[in-house]
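What follows is the content of work-v5.cif (mmCIF, C-alpha atoms).
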```cif
data_start
loop_
_atom_site.label_atom_id
_atom_site.label_comp_id
_atom_site.auth_asym_id
_atom_site.auth_seq_id
_atom_site.Cartn_x
_atom_site.Cartn_y
_atom_site.Cartn_z
CA MET H 1 -70.53 64.67 -78.55
CA ASN H 2 -68.37 62.32 -80.60
CA VAL H 3 -65.34 64.23 -81.93
CA ASN H 4 -64.98 61.91 -84.93
CA LEU H 5 -68.35 63.24 -86.06
CA LEU H 6 -66.77 66.68 -86.49
CA THR H 7 -63.60 65.96 -88.46
CA LYS H 8 -65.07 66.67 -91.89
CA TYR H 9 -66.61 69.95 -90.70
CA SER H 10 -63.40 71.77 -89.73
CA ASN H 11 -64.02 75.55 -89.65
CA LYS H 12 -67.68 75.13 -90.63
CA TRP H 13 -70.94 75.76 -88.83
CA ILE H 14 -73.05 72.69 -88.07
CA ALA H 15 -76.54 72.10 -86.70
CA LEU H 16 -76.62 69.25 -84.19
CA THR H 17 -79.58 67.31 -82.89
CA ALA H 18 -80.48 68.16 -79.28
CA ASP H 19 -78.66 65.06 -78.01
CA ARG H 20 -75.53 66.17 -79.99
CA LYS H 21 -75.27 62.72 -81.58
CA LYS H 22 -76.04 63.66 -85.19
CA VAL H 23 -75.13 66.47 -87.58
CA ILE H 24 -78.29 67.68 -89.34
CA THR H 25 -76.65 70.05 -91.81
CA SER H 26 -73.65 72.35 -92.23
CA ALA H 27 -72.74 75.69 -93.82
CA LYS H 28 -69.83 78.09 -94.17
CA ASN H 29 -71.39 80.63 -91.80
CA ILE H 30 -74.14 80.81 -89.19
CA LYS H 31 -76.47 82.86 -91.38
CA ASP H 32 -76.45 80.26 -94.17
CA LEU H 33 -76.84 77.47 -91.60
CA ASP H 34 -79.92 79.14 -90.15
CA LYS H 35 -81.43 79.51 -93.65
CA LYS H 36 -80.79 75.84 -94.42
CA LEU H 37 -82.34 74.68 -91.18
CA LYS H 38 -85.40 76.92 -91.57
CA MET H 39 -85.95 75.37 -95.02
CA LEU H 40 -86.01 71.91 -93.43
CA ASN H 41 -88.78 73.19 -91.15
CA LYS H 42 -88.04 70.71 -88.36
CA TYR H 43 -85.53 70.20 -85.55
CA PRO H 44 -86.75 73.17 -83.44
CA ASP H 45 -84.33 72.14 -80.68
CA ALA H 46 -81.23 71.93 -82.92
CA ILE H 47 -77.98 73.37 -81.54
CA TYR H 48 -75.68 75.50 -83.70
CA HIS H 49 -71.97 74.87 -83.27
CA HIS H 50 -68.89 76.28 -85.02
CA VAL H 51 -66.27 73.55 -85.48
CA LEU H 52 -62.90 75.11 -84.72
CA PRO H 53 -60.15 74.29 -87.24
CA ILE H 54 -58.69 70.90 -86.36
CA ASN H 55 -55.17 71.57 -87.62
CA GLY H 56 -54.01 73.45 -84.52
CA HIS H 57 -54.84 74.60 -81.02
CA PHE H 58 -57.24 77.48 -80.61
CA VAL H 59 -55.99 80.81 -79.30
CA PRO H 60 -58.53 83.64 -79.50
CA ARG H 61 -57.10 86.44 -81.57
CA TRP H 62 -59.26 89.46 -81.01
CA GLN H 63 -59.85 91.74 -78.07
CA ALA H 64 -61.43 95.16 -77.79
CA MET R 1 -78.61 82.01 -55.97
CA ALA R 2 -78.11 78.97 -58.20
CA SER R 3 -75.20 77.22 -59.79
CA LEU R 4 -75.44 76.21 -63.43
CA GLY R 5 -73.08 73.53 -64.73
CA PHE R 6 -71.96 72.94 -68.29
CA SER R 7 -69.81 70.03 -69.38
CA TYR R 8 -66.83 70.98 -71.56
CA LEU R 9 -67.24 69.89 -75.20
CA PRO R 10 -64.61 67.75 -76.92
CA ARG R 11 -62.94 68.69 -80.17
CA LEU R 12 -60.27 67.10 -82.29
CA VAL R 13 -56.87 68.70 -82.87
CA ILE R 14 -54.39 67.19 -85.32
CA ASP R 15 -50.72 68.02 -84.85
CA GLU R 16 -49.62 68.44 -88.46
CA SER R 17 -45.96 67.80 -87.67
CA THR R 18 -46.61 64.38 -86.08
CA ASN R 19 -50.12 63.65 -87.39
CA ASN R 20 -51.09 62.82 -83.79
CA LYS R 21 -54.75 63.26 -82.94
CA LEU R 22 -55.63 64.89 -79.63
CA GLU R 23 -58.99 65.30 -77.97
CA VAL R 24 -59.20 68.76 -76.42
CA PHE R 25 -61.99 69.75 -74.03
CA THR R 26 -63.26 73.32 -74.29
CA PRO R 27 -65.68 75.34 -72.12
CA TYR R 28 -68.82 76.23 -74.04
CA VAL R 29 -72.21 77.51 -72.91
CA PRO R 30 -75.24 77.10 -75.17
CA ILE R 31 -76.98 80.49 -75.45
CA MET R 32 -79.79 82.05 -77.42
CA VAL R 33 -79.41 85.60 -78.74
CA SER R 34 -81.99 88.24 -79.64
CA PHE R 35 -81.87 91.84 -80.84
CA ASN R 36 -84.37 94.64 -80.55
CA ARG R 37 -87.18 92.52 -79.06
CA GLY R 38 -87.03 90.07 -81.97
CA ASN R 39 -87.31 86.31 -81.66
CA PRO R 40 -84.34 84.59 -80.09
CA THR R 41 -82.13 82.29 -82.12
CA ARG R 42 -81.90 78.57 -81.57
CA LEU R 43 -79.25 77.46 -79.08
CA ILE R 44 -75.73 78.40 -80.18
CA ASP R 45 -72.59 77.05 -78.51
CA ALA R 46 -70.52 80.01 -77.30
CA LEU R 47 -66.95 79.63 -76.06
CA VAL R 48 -66.31 81.02 -72.59
CA ASP R 49 -63.09 83.02 -72.94
CA SER R 50 -61.58 84.58 -69.82
CA GLY R 51 -58.92 86.22 -72.04
CA SER R 52 -61.46 88.27 -73.97
CA ASP R 53 -62.29 91.71 -72.64
CA ARG R 54 -65.72 91.65 -74.27
CA ASN R 55 -68.17 89.42 -76.11
CA LEU R 56 -67.20 88.93 -79.74
CA PHE R 57 -69.70 87.46 -82.18
CA PRO R 58 -69.72 86.82 -85.95
CA LEU R 59 -71.10 89.63 -88.11
CA GLN R 60 -73.32 87.10 -89.91
CA LEU R 61 -75.13 86.43 -86.62
CA GLY R 62 -75.92 90.13 -86.37
CA GLN R 63 -77.21 90.14 -89.95
CA MET R 64 -79.33 87.10 -89.12
CA LEU R 65 -80.86 89.05 -86.21
CA GLY R 66 -81.64 92.05 -88.43
CA MET R 67 -78.88 94.45 -87.39
CA ASN R 68 -78.04 97.22 -89.87
CA PHE R 69 -74.30 97.68 -89.58
CA LYS R 70 -74.30 100.62 -92.03
CA LYS R 71 -75.89 102.68 -89.25
CA ILE R 72 -73.31 101.77 -86.62
CA LYS R 73 -69.91 103.42 -86.31
CA PRO R 74 -67.25 100.69 -86.28
CA LYS R 75 -64.51 100.52 -83.70
CA ILE R 76 -61.10 98.94 -83.95
CA ILE R 77 -60.35 95.75 -82.02
CA PHE R 78 -57.05 93.94 -81.79
CA GLY R 79 -55.50 90.80 -80.37
CA ILE R 80 -52.60 88.40 -80.79
CA GLY R 81 -50.35 89.57 -83.61
CA SER R 82 -51.72 93.11 -83.16
CA ILE R 83 -53.99 92.64 -86.17
CA ARG R 84 -56.55 95.44 -86.25
CA LEU R 85 -60.11 94.71 -87.30
CA LYS R 86 -63.41 96.54 -87.49
CA ALA R 87 -66.16 95.57 -85.09
CA TYR R 88 -69.66 96.91 -84.48
CA THR R 89 -71.09 97.10 -80.96
CA CYS R 90 -74.78 96.31 -80.44
CA LYS R 91 -77.01 95.86 -77.42
CA ILE R 92 -78.47 92.36 -77.35
CA ASN R 93 -80.21 89.93 -75.07
CA ILE R 94 -78.83 86.50 -74.36
CA TRP R 95 -80.53 83.53 -72.73
CA VAL R 96 -78.54 81.22 -70.49
CA ASN R 97 -80.50 78.23 -69.24
CA ASN R 98 -83.74 80.02 -70.27
CA LYS R 99 -82.94 83.15 -68.23
CA GLU R 100 -82.68 86.40 -70.19
CA TYR R 101 -79.83 88.87 -69.69
CA GLY R 102 -79.40 92.29 -71.31
CA THR R 103 -75.84 92.83 -72.52
CA GLU R 104 -73.87 93.89 -75.59
CA ALA R 105 -71.45 92.29 -78.03
CA ASP R 106 -69.00 93.36 -80.73
CA PHE R 107 -69.77 91.89 -84.15
CA CYS R 108 -66.87 91.24 -86.50
CA LEU R 109 -66.75 89.77 -90.02
CA GLU R 110 -63.58 87.80 -89.32
CA GLN R 111 -64.95 86.10 -86.19
CA GLN R 112 -66.76 82.76 -86.40
CA THR R 113 -67.03 81.17 -82.94
CA LEU R 114 -69.01 83.23 -80.42
CA LEU R 115 -66.66 84.35 -77.65
CA LEU R 116 -68.10 85.23 -74.23
CA GLY R 117 -65.81 87.73 -72.52
CA ARG R 118 -65.48 89.29 -69.08
CA GLN R 119 -67.46 92.47 -69.81
CA GLY R 120 -70.86 91.41 -71.06
CA PHE R 121 -70.84 87.82 -69.85
CA PHE R 122 -68.67 87.06 -66.81
CA ASN R 123 -69.98 90.19 -65.07
CA LEU R 124 -73.56 88.89 -65.38
CA PHE R 125 -72.73 86.19 -62.83
CA LYS R 126 -71.53 86.19 -59.24
CA GLN R 127 -68.88 83.61 -60.02
CA VAL R 128 -67.54 81.81 -63.10
CA LYS R 129 -65.58 78.71 -62.21
CA PHE R 130 -63.54 76.54 -64.58
CA ASP R 131 -63.02 72.99 -63.32
CA GLU R 132 -60.29 71.82 -65.69
CA LYS R 133 -59.86 68.38 -64.10
CA GLY R 134 -63.61 67.74 -64.04
CA ARG R 135 -64.03 69.42 -67.47
CA PHE R 136 -66.92 71.43 -66.15
CA LEU R 137 -67.87 75.11 -66.13
CA TYR R 138 -69.98 76.51 -63.28
CA LEU R 139 -71.89 79.80 -63.41
CA GLU R 140 -73.16 81.07 -60.09
CA THR R 141 -76.11 83.38 -60.55
CA TYR R 142 -77.00 86.35 -58.31
CA LYS R 143 -80.59 85.20 -57.73
#
```

Turn this file's structure into structure tokens for me.
Amino acid sequence: MNVNLLTKYSNKWIALTADRKKVITSAKNIKDLDKKLKMLNKYPDAIYHHVLPINGHFVPRWQA
Amino acid sequence: MASLGFSYLPRLVIDESTNNKLEVFTPYVPIMVSFNRGNPTRLIDALVDSGSDRNLFPLQLGQMLGMNFKKIKPKIIFGIGSIRLKAYTCKINIWVNNKEYGTEADFCLEQQTLLLGRQGFFNLFKQVKFDEKGRFLYLETYK
């Protein structure tokens, strides 16, 4: 996966092609992304990925 | 017994004070998720987080799978900064490398990236090994 591909999708959900080389579409949350991809009616092997914010390191915040 | 390997995925981090760009490699596993015998999702990259007690998934994923959160009593979860949030626990199935596992996850509105924690993910496997130098994650299955 090429990181430069992801810079404009900071904190968004993206659908990637199975080879992770191309972004098919993006959305603000996974539910909207799934709707968008279902409307395209192709890419059955797409991979959903949340792009973590790029302006800092990631530290998970929540625990039970 | 089998060992599954997953290459870490790169992501970009920009240090705002210096504007330096760093490539950071993070352990993800692509999983599918289903609820209540429904169809599984497409593959979703989930971050393997040894610091999380439990699996934590976005609420919107639960809605996508048909969960009715009005019927579930929320519980309070907390983390860094002691911020308290509501989360809803649901039994789910996840697929790792096309093998199905029954487990559960907490669903939270404020969470975006799927976090795979020790209870509900790590305990499904005999061993979870992080190879930081090789940027590889290994899951050793029981069968």

Can you list, as a ChimeraX atom specification, every protein, DNA or RNA residue that comes within 7 Å of Val24 in chain R when you count only C-alpha atoms, leaving out same-chain residues fewer than 6 positions away?
-> /R:10-13

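Using all atoms listed in the file, the smallest distance between any of H:Leu52, H:Leu37, H:Met1, H:Leu6 and Ala18 in chain H comes from H:Met1.
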
Chain R residues near chain H within 7 Å, closest pair each, using all atoms listed in the file, as CSV:
```
residue,atom,partner,partner_atom,distance
R:Pro10,CA,H:Val3,CA,6.2
R:Arg11,CA,H:Val3,CA,5.4
R:Leu12,CA,H:Ile54,CA,5.8
R:Val13,CA,H:Ile54,CA,4.5
R:Ile14,CA,H:Asn55,CA,5.0
R:Asp15,CA,H:Asn55,CA,6.3
R:Glu16,CA,H:Asn55,CA,6.4
R:Arg42,CA,H:Ile47,CA,6.5
R:Leu43,CA,H:Ile47,CA,4.9
R:Ile44,CA,H:Tyr48,CA,4.6
R:Asp45,CA,H:His49,CA,5.3
R:Ser52,CA,H:Gln63,CA,5.6
R:Asp53,CA,H:Gln63,CA,6.0
R:Arg54,CA,H:Ala64,CA,6.6
R:Gln60,CA,H:Lys31,CA,5.5
R:Leu61,CA,H:Lys31,CA,6.1
R:Met64,CA,H:Lys31,CA,5.6
R:Ile77,CA,H:Ala64,CA,4.4
R:Phe78,CA,H:Trp62,CA,5.1
R:Gly79,CA,H:Trp62,CA,4.0
R:Ile80,CA,H:Arg61,CA,5.0
R:Gln112,CA,H:His50,CA,7.0
R:Thr113,CA,H:His50,CA,5.6
```

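For the atom pair formed by CA of Arg118 in chain R and CA of Pro30 in chain R, the distance is 16.8 Å, given to one decimal.
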
Nearest to Pro58 in chain R, restricted to only C-alpha atoms and choosing among R:Thr141, R:Asn93, R:Gln119, R:Gln111, comes out as R:Gln111

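The space between CA of Thr26 in chain R and CA of Leu124 in chain R spans 20.7 Å.
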